[in-house]
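**Student:** This is the structure I want to talk about, given as structure tokens.
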Amino acid sequence: MDEKAAKNMRLARGAAIPVPGEPYDRLAGLVIKDEHLAAVLRGEEYLVQDGAMGTMLQERNLVVPGQEPDLLTIANPEAVAAIHADYVAAGAQMLTTNTFCANRRKLAGEATVEEVFSAAIRCAKEAGGRYIAANIGPIGALLEPLGTLSFDEAYDLFAEQVVAARDAGADLLAIETFTDLLEAKAAVLAAKENCDLPIFISMTFGEDGRTFLGTSPEVAALTLSALGAHAVGVNCSLGPAELAPIVEAMIAHVSCPLVVRPNAGLPRVEDGKTVFDVKPDEYGRAMERIFDAGATIVGGCCGTTPAYIEKIAALASGRKPEPRQAASLCAVTGSQEAVVLEEGMPATAVIGERINPTGKPRLKEALRSGNLDYAIGEAIAQQEAGAQILDVNVGLPEIDEPTVLLDLVKKLQVATTLPLQIDSSDPIAIEEAVRRYAGKPIINSVNGKRESIETILPIAKHYGCAVVALTLDENGIPATAEGRFAIAERIVRAAEAYGISRHDVVIDCLVMAASTNQKEAAEILRAVTLVKERLGVRTTLGVSNVSFGLPQRELVNATFLAAAFGAGLDMPILNPLSQRYMDAVNSFRVLDAEDAQAAAFIEEYATKPDPYKSGSVPGAQPSGAGAAQSAEAAGVQPPDASAAAATAAGEASEVGDEAVASARRFIMTGRKEQMEEATLELLADRDPMSVINDIFIPILDLVGAKFERGEFFLPQMMASAEAVKAGFDTIRAHAEPEAFESDKRIVLATVKGDIHDIGKNIVKMLLENYGYRVIDLGRDVSPEAVLDAVKTYDVQLVGLSALMTTTVKAMEETIRLLRSEAPGCTVFVGGAVLNPEYADMIGADYYGKDAAEAARIAGNFFGGRE
């Protein structure tokens with residue numbers, strides 16, 4: 001671990017020990033400019049923000065393609081201050097500085113971060129803003145493991161901006177327009193660890209209700225509010241009418257204030273200028289629903305002007321927010337999906353136990369050898385079998401646990417959408433993993449020992465985690481239900497003193513083996529009931545421990561599981577590959593009224609044969625997943641769990657022989673480490689082009705179809721593409737180079753003045769996997785450079801990308817030049833600010849809303865697949 005990481009960890013574990021009995025104040029320690037802002041942060045007053053800066057600069061002809069808008073705060077501060085002043089006159093209380101792109105990577109030496117923030121904050125202050133919010137936008141590069149930028153590098157870039165904003169006199173931080181939850185987390189941590197200003201953060205969502213990387217509004221709200229942001233929300237991308245459902249979804253999951261800054265609808269070109277389709281009056285009417293939903297920090301984004309802010313200020317004038325109750329939720333999230341157990345509502349969440357080396361020889365050997373793909377297979381199999389959360393434990397004394405745990409957590413977050421439970425007795429390993437986890441994980445675990453409470457709870461609070469609490473302390477595990485309850489109560493109170501809601505504390509009353517202490521089983525169940533009824537928290541149990549040392553373990557475990565459900569168990573830790581256990585879970589969900597009208601149960605079981613009908617209860621000779629569990633416990637090597645799950649799902653029968661089925665499984669689950677061996681098996685009786693055209697390409701098409709249906713998100717699609725790339729690399733290594741000289745050439749470029757190339761890079765990767773030769777010109781590419789490449793490489797298809805409205809003009813100029821000088825060239829365009837109508841208005845032939853659509857455009861253009 002490097003010195004910086006160690007320092008950051010000390011920040012969390014070295015947090016002050018709270019005074020017992022004193023209520024936690026989430027605003028304590030903040031520098032808050034005045035009482036009105038304090039009331040805003042408590043959700044008691046409205047705060048009117050300003051509107052767009054970039055499109056205002058463009059409207060006033062102050063920025064041209066290729067010019068960095070943020071540098072105008074130095075080159076033309078009077079013009080920037082004049083825009084700020086117009087917003088103040090319209091009723092804006094908060095001004096957002098012209099620093100959206102002002103990080104070291106984007107400024108590229110043209111000015112320092114300190115110079116830009118200092119000048120920008122000075123402009124806003126001179127304009128008379130009551131509150132000056134230092135604006136921080138995304139870096140413009142994908143973080144690992146999807147991209148090349150590390151979490152720590154992103155943190156450093158954000159920390160430099162935060163320090164510059166703090167030193168220049170900002171009143172708060174407005175971190176906005178993020179699509180990557182992990183990048184947003186890096187920004188929030190950089191803010192809270194380097195300054196004491198209030199933190200507002202908002203993400204941007206598409207028409208499908210998710211961010212570019214698949215994060216839902218619920219996940220964003222839960223994760224960022226738990227992490228410590230003082231206001232969370234949404235900005236950009238869509239107009240107020242389209243954003244309203246997203247706002248309603250977010251506000252149901254948080255108790256902090258919600259910030260909302262919609263666009264003025266969708267952009268289009270009119271008389272050579274970019275205009276937006278929602279006018280101020282319509283915008284004001286649509287914002288009524290945003291106010292009614294409970295948003296209290298409101299403003300405008302792209303396309304909005306002072307006229308729009310006047311409408312918002314009028315809505316806020318003389319109005320008081322309705323009091324809101326704190327959300328009573330036990331929630332854990334990954335980067336895309338959330339598991340939410342709401343107070344008073346029946347809910348059961350299965351935690352998969354199989355990524356734990358205890359009693360699993362194959363997993364132990366895989367961890368020792370660095371074969372994390374085995375654990376990935378276990379994760380995928382458990383997800384397919386019905387797990388909703390995955391416990392992740394790599395605790396072996398002979399490995400570097402912090403490094404291995406972090407590496408596995410990163411890989412799991414690409415391979416599966418399930419939230420993770422970080423399971424370790426090593427605080428350093430826990431903190432390494434949760435710090436870089438894209439979401440809100442569970443920490444397993446804290447216990448009643450003072451050292452554990454003072455070490456683990458600060459980590460959980462600092463990183464916004466839920467936590468499993470074990471009912472043991474310095475005196476061991478109490479034999480009675482009352483003894484276990486007393487420890488649980490003490491931990492819950494300690495957690496609340498640290499600012500961790502009791503709803504985020506999951507009590508584990510610790511299952512002991514019935515073979516050694518039969519009477520304690522009843523005490524465990526009674527303890528669960530006491531905890532549930534008296535503390536109002538969620539409960540978990542490691543179910544399989546009860547049968548240790550007994551025959552027919554599945555029978556004992558399933559019986560105990562049913563009894564535990566009746567006692568109040570919510571989140572059983574079990575092997576979801578056991579059909580017997582899942583039968584008990586699914587049956588209880590019917591009896592608990594969680595499965596409404598027993599719909600899921602009927603769908604699952606109506607056509608299945610009843611294994612118990614004959615009267616012989618299976619167990620003496622377990623089969624399937626149960627056999628795998630029993631065999632592994634006995635030291636026998638079971639089959640690959642993921643292969644068993646894939647076969648059970650009918651995948652092999654869909655695609656033919658075993659080699660093809662393996663390749664399909666590895667591509668669909670993004671397991672590139674397995675692709676060399678799988679590809680060599682395919683090449684044993686097939687020629688290279690047959691493997692590519694008849695196997696790889698159809699599987700990629702299936703991945704694209706799942707992406708279109710919302711079954712896959714961008715991380716899963718990229719992982720599948722990486723797996724295919726590994727297969728291609730294997731084929732290239734065993735075939736003649738000329739076999740891959742494609743005459744299907746495509747030029748890709750991010751247009752002049754725009755350095756946001758994430759989308760373009762993803763399109764490149766996918767197109768190359770389909771066999772096209774991509775000439776990637778990079779970012780900030782002039783129209784002339786695009787034309788030169790088209791002529792040099794004799795290219796007939798060009799893809800152009802732009803993220804910012806201020807650079808779409810450069811895209812139009814590029815298309816105009818190509819039409820003039822290369823009239824046979826076809827152009828497709830993409831980017832967050834574009835839509836089909838806009839693409840048509842600037843002269844493009846096609847609009848590619850995502851990488852999968854870009855691949856279809858190329859396929860149709862070159863006369864390939866439909």
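Labeling convention for the structure tokens: chains A, B, ... as they appear, residues from 1 per chain, ligands from 1 in order of appearance.
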Can I get the residues of stretch 554-626 of chain A within 10 Å of stretch 328-346 of chain A, each with the closest pair of atoms and their distance in Å to one decimal, using only C-alpha atoms, sorted chain first then ascending number, as a tab-separated table?

**Tutor:**
residue	atom	partner	partner_atom	distance
A:Asp570	CA	A:Pro346	CA	8.6
A:Met571	CA	A:Leu341	CA	9.7
A:Arg589	CA	A:Pro346	CA	8.3
A:Asp592	CA	A:Pro346	CA	6.5
A:Ala593	CA	A:Pro346	CA	6.9
A:Glu594	CA	A:Pro346	CA	5.3
A:Asp595	CA	A:Pro346	CA	9.1

**Student:** Write to file, as a PDB file, in the first residue's frame, the residues of the selection just made, with N, CA and C atoms.

**Tutor:**
ATOM      1  N   ASP A 570     -33.993 -12.046   8.052  1.00  0.00           N
ATOM      2  CA  ASP A 570     -34.231 -11.298   6.802  1.00  0.00           C
ATOM      3  C   ASP A 570     -33.226 -11.643   5.701  1.00  0.00           C
ATOM      4  N   MET A 571     -31.956 -11.826   6.088  1.00  0.00           N
ATOM      5  CA  MET A 571     -30.885 -11.908   5.091  1.00  0.00           C
ATOM      6  C   MET A 571     -30.035 -13.152   5.364  1.00  0.00           C
ATOM      7  N   ARG A 589     -41.242 -16.659   1.075  1.00  0.00           N
ATOM      8  CA  ARG A 589     -41.660 -15.388   0.466  1.00  0.00           C
ATOM      9  C   ARG A 589     -43.157 -15.380   0.160  1.00  0.00           C
ATOM     10  N   ASP A 592     -44.872 -15.037   3.700  1.00  0.00           N
ATOM     11  CA  ASP A 592     -44.612 -13.726   4.304  1.00  0.00           C
ATOM     12  C   ASP A 592     -45.259 -12.593   3.517  1.00  0.00           C
ATOM     13  N   ALA A 593     -45.987 -12.937   2.458  1.00  0.00           N
ATOM     14  CA  ALA A 593     -46.650 -11.955   1.589  1.00  0.00           C
ATOM     15  C   ALA A 593     -45.666 -11.060   0.857  1.00  0.00           C
ATOM     16  N   GLU A 594     -44.425 -11.511   0.741  1.00  0.00           N
ATOM     17  CA  GLU A 594     -43.434 -10.772  -0.040  1.00  0.00           C
ATOM     18  C   GLU A 594     -43.640 -11.028  -1.530  1.00  0.00           C
ATOM     19  N   ASP A 595     -43.993 -12.259  -1.866  1.00  0.00           N
ATOM     20  CA  ASP A 595     -44.272 -12.656  -3.244  1.00  0.00           C
ATOM     21  C   ASP A 595     -45.766 -12.470  -3.482  1.00  0.00           C
TER      22      ASP A 595
END

**Student:** Could you pull the residues within 8 Å of stretch 536-542 of chain A, counting only C-alpha atoms, minus those fewer than 2 positions along the same chain, as a list in words?

**Tutor:**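 The contact residues come out as Cys330, Glu343, Val468, Arg502, His503, Asp504, Val505, Val506, Ile507, Asp508, Cys509, Leu510, Val511, Val528, Val531, Lys532, Glu533, Arg534, Ser544, Asn545, Gly568, Leu569, Asp570, Met571, Pro572, Ile573 and Leu574 of chain A.
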
**Student:** Just C-alpha atoms for this one: save the residues we selected as a PDB file, in the first residue's frame.

**Tutor:**
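Contents of again-v1.pdb, freshly written:
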ATOM      1  CA  CYS A 330     -31.662  -1.075   4.912  1.00  0.00           C
ATOM      2  CA  GLU A 343     -38.968  -0.866   7.366  1.00  0.00           C
ATOM      3  CA  VAL A 468     -23.026  -6.741   9.821  1.00  0.00           C
ATOM      4  CA  ARG A 502     -29.701   1.556  12.757  1.00  0.00           C
ATOM      5  CA  HIS A 503     -31.356   0.562   9.487  1.00  0.00           C
ATOM      6  CA  ASP A 504     -27.859   0.035   8.083  1.00  0.00           C
ATOM      7  CA  VAL A 505     -26.872  -2.305  10.926  1.00  0.00           C
ATOM      8  CA  VAL A 506     -27.615  -5.979  10.246  1.00  0.00           C
ATOM      9  CA  ILE A 507     -27.384  -8.140  13.360  1.00  0.00           C
ATOM     10  CA  ASP A 508     -25.888 -11.637  13.180  1.00  0.00           C
ATOM     11  CA  CYS A 509     -26.848 -13.627  16.281  1.00  0.00           C
ATOM     12  CA  LEU A 510     -24.216 -16.223  15.361  1.00  0.00           C
ATOM     13  CA  VAL A 511     -25.263 -19.757  14.525  1.00  0.00           C
ATOM     14  CA  VAL A 528     -33.210 -13.094  16.410  1.00  0.00           C
ATOM     15  CA  VAL A 531     -33.328  -8.127  18.053  1.00  0.00           C
ATOM     16  CA  LYS A 532     -35.991  -7.777  15.384  1.00  0.00           C
ATOM     17  CA  GLU A 533     -38.786  -6.741  17.736  1.00  0.00           C
ATOM     18  CA  ARG A 534     -36.882  -4.479  20.144  1.00  0.00           C
ATOM     19  CA  SER A 544     -24.956 -23.808   7.291  1.00  0.00           C
ATOM     20  CA  ASN A 545     -23.004 -23.592  10.556  1.00  0.00           C
ATOM     21  CA  GLY A 568     -37.427 -12.904  12.037  1.00  0.00           C
ATOM     22  CA  LEU A 569     -34.473 -13.705   9.768  1.00  0.00           C
ATOM     23  CA  ASP A 570     -34.231 -11.298   6.802  1.00  0.00           C
ATOM     24  CA  MET A 571     -30.885 -11.908   5.091  1.00  0.00           C
ATOM     25  CA  PRO A 572     -29.770 -15.557   5.238  1.00  0.00           C
ATOM     26  CA  ILE A 573     -26.177 -16.316   4.270  1.00  0.00           C
ATOM     27  CA  LEU A 574     -26.383 -19.622   2.406  1.00  0.00           C
TER      28      LEU A 574
END

**Student:** Would you list the contacts of A:Gly140 as a VMD selection string, taking every protein, DNA or RNA residue within 9 Å and counting only C-alpha atoms, but skipping same-chain residues closer than 4 positions in sequence?

**Tutor:** chain A and resid 101 105 to 106 755 to 758

**Student:** For stretch 491-576 of chain A against stretch 450-463 of chain A, with a cut-off of 8 Å and counting only C-alpha atoms, what is the closest atom pair and its distance in Å to one decimal for every residue that makes the cut, ordered by chain and number, as JSON lines?

**Tutor:**
{"residue": "A:Ile491", "atom": "CA", "partner": "A:Ile453", "partner_atom": "CA", "distance": 7.4}
{"residue": "A:Ala494", "atom": "CA", "partner": "A:Ile453", "partner_atom": "CA", "distance": 7.5}
{"residue": "A:Ala495", "atom": "CA", "partner": "A:Leu457", "partner_atom": "CA", "distance": 6.5}
{"residue": "A:Tyr498", "atom": "CA", "partner": "A:Lys461", "partner_atom": "CA", "distance": 6.8}
{"residue": "A:Gly499", "atom": "CA", "partner": "A:Lys461", "partner_atom": "CA", "distance": 6.8}
{"residue": "A:Ile500", "atom": "CA", "partner": "A:Lys461", "partner_atom": "CA", "distance": 6.0}

**Student:** Considering only C-alpha atoms, state which residue in the set A:Glu813, A:Glu153, A:Glu176, A:Glu482 is at the smallest distance from A:Val259.

**Tutor:**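 Using only C-alpha atoms, the shortest distance to A:Val259 belongs to A:Glu176.
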
**Student:** For each of A:Arg368, A:Lys449, A:Arg42, A:Lys440, take the minimum atom-to-atom distance to A:Pro321, counting only C-alpha atoms, then give the residue where this is smallest.

**Tutor:** A:Arg42

**Student:** Interatomic distance between atom CA of A:Lys185 and atom CA of A:Leu222?

**Tutor:**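 Computing it gives 12.0 Å between the two atoms.
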
**Student:** Could you give me, as a ChimeraX atom specification, the residues within 8 Å of A:Ile746, counting only C-alpha atoms and dropping anything in the same chain fewer than 2 positions from it?

**Tutor:** /A:744,748,772-775,795-799

**Student:** So that I have them on file, write out the residues from the current selection with N, CA and C atoms, as an mmCIF file, in the first residue's frame.

**Tutor:**
data_model
loop_
_atom_site.group_PDB
_atom_site.id
_atom_site.type_symbol
_atom_site.label_atom_id
_atom_site.label_comp_id
_atom_site.auth_asym_id
_atom_site.auth_seq_id
_atom_site.Cartn_x
_atom_site.Cartn_y
_atom_site.Cartn_z
ATOM 1 N N LYS A 744 -12.582 -3.098 -44.536
ATOM 2 C CA LYS A 744 -13.705 -2.333 -43.983
ATOM 3 C C LYS A 744 -13.146 -1.338 -42.980
ATOM 4 N N LEU A 748 -12.682 7.242 -36.743
ATOM 5 C CA LEU A 748 -13.374 7.746 -35.557
ATOM 6 C C LEU A 748 -12.630 8.954 -35.008
ATOM 7 N N TYR A 772 -13.665 -4.744 -37.898
ATOM 8 C CA TYR A 772 -13.401 -3.556 -38.712
ATOM 9 C C TYR A 772 -12.030 -2.977 -38.381
ATOM 10 N N ARG A 773 -11.435 -2.337 -39.354
ATOM 11 C CA ARG A 773 -10.177 -1.629 -39.127
ATOM 12 C C ARG A 773 -10.517 -0.186 -38.765
ATOM 13 N N VAL A 774 -10.217 0.201 -37.539
ATOM 14 C CA VAL A 774 -10.578 1.522 -37.040
ATOM 15 C C VAL A 774 -9.359 2.429 -37.038
ATOM 16 N N ILE A 775 -9.483 3.563 -37.723
ATOM 17 C CA ILE A 775 -8.446 4.601 -37.679
ATOM 18 C C ILE A 775 -8.918 5.625 -36.652
ATOM 19 N N VAL A 795 -11.311 5.968 -46.840
ATOM 20 C CA VAL A 795 -12.371 5.571 -45.919
ATOM 21 C C VAL A 795 -13.717 6.086 -46.407
ATOM 22 N N GLN A 796 -14.739 5.250 -46.277
ATOM 23 C CA GLN A 796 -16.077 5.640 -46.682
ATOM 24 C C GLN A 796 -17.038 5.838 -45.523
ATOM 25 N N LEU A 797 -16.606 5.470 -44.311
ATOM 26 C CA LEU A 797 -17.485 5.604 -43.142
ATOM 27 C C LEU A 797 -16.724 6.311 -42.017
ATOM 28 N N VAL A 798 -17.325 7.382 -41.485
ATOM 29 C CA VAL A 798 -16.703 8.197 -40.427
ATOM 30 C C VAL A 798 -17.658 8.288 -39.244
ATOM 31 N N GLY A 799 -17.110 8.122 -38.041
ATOM 32 C CA GLY A 799 -17.879 8.309 -36.812
ATOM 33 C C GLY A 799 -17.347 9.490 -36.035
#

**Student:** Using DSSP secondary structure from the backbone, list all strand (DSSP E) positions within stretch 189-325 of chain A, as a list in words.

**Tutor:** Ile199, Phe200, Ile201, Ser202, Met203, Ala231, Val232, Gly233, Val234, Asn235, Leu258, Val259, Val260, Arg261, Pro267, Arg268, Val269, Glu270, Lys273, Thr274, Val275, Phe276, Ile297 and Val298 of chain A

**Student:** Could you give me the residues within stretch 258-372 of chain A that DSSP places in alpha helix (DSSP H), as number ranges by chain?

**Tutor:** A: 280-293, 306-316, 361-369, 372

**Student:** Those residues with N, CA and C atoms, as an mmCIF file, in the first residue's frame please?

**Tutor:**
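What follows is the written file out-v7.cif:
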data_model
loop_
_atom_site.group_PDB
_atom_site.id
_atom_site.type_symbol
_atom_site.label_atom_id
_atom_site.label_comp_id
_atom_site.auth_asym_id
_atom_site.auth_seq_id
_atom_site.Cartn_x
_atom_site.Cartn_y
_atom_site.Cartn_z
ATOM 1 N N PRO A 280 -39.012 29.126 -21.707
ATOM 2 C CA PRO A 280 -39.101 29.416 -20.262
ATOM 3 C C PRO A 280 -40.454 29.135 -19.623
ATOM 4 N N ASP A 281 -41.562 29.533 -20.267
ATOM 5 C CA ASP A 281 -42.876 29.314 -19.658
ATOM 6 C C ASP A 281 -43.165 27.830 -19.479
ATOM 7 N N GLU A 282 -42.879 27.038 -20.518
ATOM 8 C CA GLU A 282 -43.102 25.592 -20.431
ATOM 9 C C GLU A 282 -42.176 24.971 -19.387
ATOM 10 N N TYR A 283 -40.954 25.478 -19.336
ATOM 11 C CA TYR A 283 -39.973 24.992 -18.356
ATOM 12 C C TYR A 283 -40.484 25.230 -16.926
ATOM 13 N N GLY A 284 -41.005 26.432 -16.701
ATOM 14 C CA GLY A 284 -41.524 26.752 -15.375
ATOM 15 C C GLY A 284 -42.682 25.851 -14.981
ATOM 16 N N ARG A 285 -43.582 25.572 -15.935
ATOM 17 C CA ARG A 285 -44.721 24.692 -15.623
ATOM 18 C C ARG A 285 -44.232 23.282 -15.297
ATOM 19 N N ALA A 286 -43.242 22.806 -16.060
ATOM 20 C CA ALA A 286 -42.722 21.454 -15.817
ATOM 21 C C ALA A 286 -41.984 21.358 -14.491
ATOM 22 N N MET A 287 -41.386 22.469 -14.056
ATOM 23 C CA MET A 287 -40.659 22.457 -12.797
ATOM 24 C C MET A 287 -41.581 22.342 -11.581
ATOM 25 N N GLU A 288 -42.870 22.602 -11.768
ATOM 26 C CA GLU A 288 -43.827 22.440 -10.668
ATOM 27 C C GLU A 288 -43.774 21.015 -10.118
ATOM 28 N N ARG A 289 -43.694 20.040 -11.017
ATOM 29 C CA ARG A 289 -43.652 18.642 -10.573
ATOM 30 C C ARG A 289 -42.351 18.351 -9.827
ATOM 31 N N ILE A 290 -41.263 18.999 -10.240
ATOM 32 C CA ILE A 290 -39.977 18.830 -9.549
ATOM 33 C C ILE A 290 -40.090 19.357 -8.119
ATOM 34 N N PHE A 291 -40.716 20.533 -7.971
ATOM 35 C CA PHE A 291 -40.930 21.098 -6.634
ATOM 36 C C PHE A 291 -41.846 20.192 -5.817
ATOM 37 N N ASP A 292 -42.920 19.725 -6.426
ATOM 38 C CA ASP A 292 -43.872 18.882 -5.706
ATOM 39 C C ASP A 292 -43.230 17.572 -5.261
ATOM 40 N N ALA A 293 -42.263 17.092 -6.031
ATOM 41 C CA ALA A 293 -41.593 15.846 -5.667
ATOM 42 C C ALA A 293 -40.734 16.005 -4.420
ATOM 43 N N PRO A 306 -31.113 33.312 -17.970
ATOM 44 C CA PRO A 306 -31.767 34.022 -16.863
ATOM 45 C C PRO A 306 -33.289 33.984 -16.907
ATOM 46 N N ALA A 307 -33.869 33.929 -18.107
ATOM 47 C CA ALA A 307 -35.330 33.877 -18.206
ATOM 48 C C ALA A 307 -35.884 32.602 -17.560
ATOM 49 N N TYR A 308 -35.149 31.508 -17.653
ATOM 50 C CA TYR A 308 -35.565 30.248 -17.028
ATOM 51 C C TYR A 308 -35.432 30.338 -15.504
ATOM 52 N N ILE A 309 -34.349 30.960 -15.059
ATOM 53 C CA ILE A 309 -34.120 31.062 -13.618
ATOM 54 C C ILE A 309 -35.163 31.965 -12.967
ATOM 55 N N GLU A 310 -35.652 32.942 -13.698
ATOM 56 C CA GLU A 310 -36.749 33.772 -13.179
ATOM 57 C C GLU A 310 -37.962 32.911 -12.843
ATOM 58 N N LYS A 311 -38.260 31.926 -13.685
ATOM 59 C CA LYS A 311 -39.407 31.045 -13.439
ATOM 60 C C LYS A 311 -39.186 30.199 -12.183
ATOM 61 N N ILE A 312 -37.964 29.693 -12.027
ATOM 62 C CA ILE A 312 -37.656 28.889 -10.844
ATOM 63 C C ILE A 312 -37.727 29.735 -9.581
ATOM 64 N N ALA A 313 -37.155 30.945 -9.646
ATOM 65 C CA ALA A 313 -37.181 31.839 -8.482
ATOM 66 C C ALA A 313 -38.618 32.179 -8.090
ATOM 67 N N ALA A 314 -39.478 32.344 -9.077
ATOM 68 C CA ALA A 314 -40.881 32.638 -8.786
ATOM 69 C C ALA A 314 -41.552 31.460 -8.079
ATOM 70 N N LEU A 315 -41.216 30.250 -8.499
ATOM 71 C CA LEU A 315 -41.790 29.066 -7.862
ATOM 72 C C LEU A 315 -41.330 28.933 -6.413
ATOM 73 N N ALA A 316 -40.077 29.296 -6.151
ATOM 74 C CA ALA A 316 -39.520 29.155 -4.806
ATOM 75 C C ALA A 316 -39.940 30.289 -3.876
ATOM 76 N N PRO A 361 -11.623 -26.447 -0.715
ATOM 77 C CA PRO A 361 -10.252 -26.653 -1.185
ATOM 78 C C PRO A 361 -9.960 -26.023 -2.544
ATOM 79 N N ARG A 362 -10.910 -26.102 -3.470
ATOM 80 C CA ARG A 362 -10.649 -25.555 -4.807
ATOM 81 C C ARG A 362 -10.504 -24.032 -4.761
ATOM 82 N N LEU A 363 -11.348 -23.382 -3.968
ATOM 83 C CA LEU A 363 -11.237 -21.925 -3.871
ATOM 84 C C LEU A 363 -9.937 -21.539 -3.174
ATOM 85 N N LYS A 364 -9.553 -22.289 -2.154
ATOM 86 C CA LYS A 364 -8.278 -22.017 -1.485
ATOM 87 C C LYS A 364 -7.125 -22.082 -2.475
ATOM 88 N N GLU A 365 -7.105 -23.129 -3.268
ATOM 89 C CA GLU A 365 -6.013 -23.286 -4.228
ATOM 90 C C GLU A 365 -6.057 -22.188 -5.286
ATOM 91 N N ALA A 366 -7.256 -21.814 -5.711
ATOM 92 C CA ALA A 366 -7.381 -20.746 -6.707
ATOM 93 C C ALA A 366 -6.849 -19.427 -6.159
ATOM 94 N N LEU A 367 -7.166 -19.118 -4.910
ATOM 95 C CA LEU A 367 -6.686 -17.872 -4.313
ATOM 96 C C LEU A 367 -5.167 -17.904 -4.141
ATOM 97 N N ARG A 368 -4.640 -19.038 -3.735
ATOM 98 C CA ARG A 368 -3.183 -19.134 -3.567
ATOM 99 C C ARG A 368 -2.469 -18.932 -4.897
ATOM 100 N N SER A 369 -3.038 -19.453 -5.969
ATOM 101 C CA SER A 369 -2.394 -19.379 -7.279
ATOM 102 C C SER A 369 -2.725 -18.095 -8.036
ATOM 103 N N LEU A 372 -8.282 -15.796 -9.861
ATOM 104 C CA LEU A 372 -9.517 -15.173 -9.400
ATOM 105 C C LEU A 372 -10.699 -15.522 -10.285
#

**Student:** Residues near A:Leu258, anyone? I mean within 7 Å using only C-alpha atoms, not counting same-chain ones fewer than 5 positions away, as a list in words.

**Tutor:** Ala231, Val232, Gly233, Ile251, Ala295, Thr296 and Ile297 of chain A

**Student:** Keeping only C-alpha atoms, write the selected residues to a file as a PDB file, in the first residue's frame.

**Tutor:**
ATOM      1  CA  ALA A 231     -27.153  17.200  -1.257  1.00  0.00           C
ATOM      2  CA  VAL A 232     -27.513  14.731  -4.117  1.00  0.00           C
ATOM      3  CA  GLY A 233     -29.427  14.851  -7.351  1.00  0.00           C
ATOM      4  CA  ILE A 251     -36.031  11.359  -3.297  1.00  0.00           C
ATOM      5  CA  ALA A 295     -36.487  18.968  -4.653  1.00  0.00           C
ATOM      6  CA  THR A 296     -35.262  22.005  -2.724  1.00  0.00           C
ATOM      7  CA  ILE A 297     -32.033  23.011  -4.533  1.00  0.00           C
TER       8      ILE A 297
END

**Student:** Determine, counting only C-alpha atoms, which protein, DNA and RNA residues have an atom within 7 Å of an atom of stretch 402-405 of chain A; residues of the same chain fewer than 4 positions away are not included. Present the result as a PyMOL selection string.

**Tutor:** chain A and resi 394+409+428-429+432-433

**Student:** I need the chosen residues saved as a compact mmCIF listing (two decimals), in the first residue's frame, with C-alpha atoms.

**Tutor:**
# COMPACT_ATOMS: atom_id res chain seq x y z
CA VAL A 394 -10.42 -14.26 0.63
CA VAL A 409 -13.91 -6.86 -5.77
CA ILE A 428 -6.86 -2.59 6.11
CA ALA A 429 -8.29 -5.09 3.63
CA GLU A 432 -8.91 -0.89 0.68
CA ALA A 433 -11.96 -2.61 -0.82

**Student:** Could you check which of A:Ala226, A:Ala241, A:Leu408, A:Ala488 is closest to A:Val446, using only C-alpha atoms?

**Tutor:**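 Nearest to A:Val446: A:Ala488.
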
**Student:** Excluding A:Glu45 and its own-chain neighbours fewer than 5 positions away, which residues fall within 12 Å of it when counting only C-alpha atoms? Please give them as number ranges by chain.

**Tutor:** A: 35-40, 257-258, 294-298, 316-323
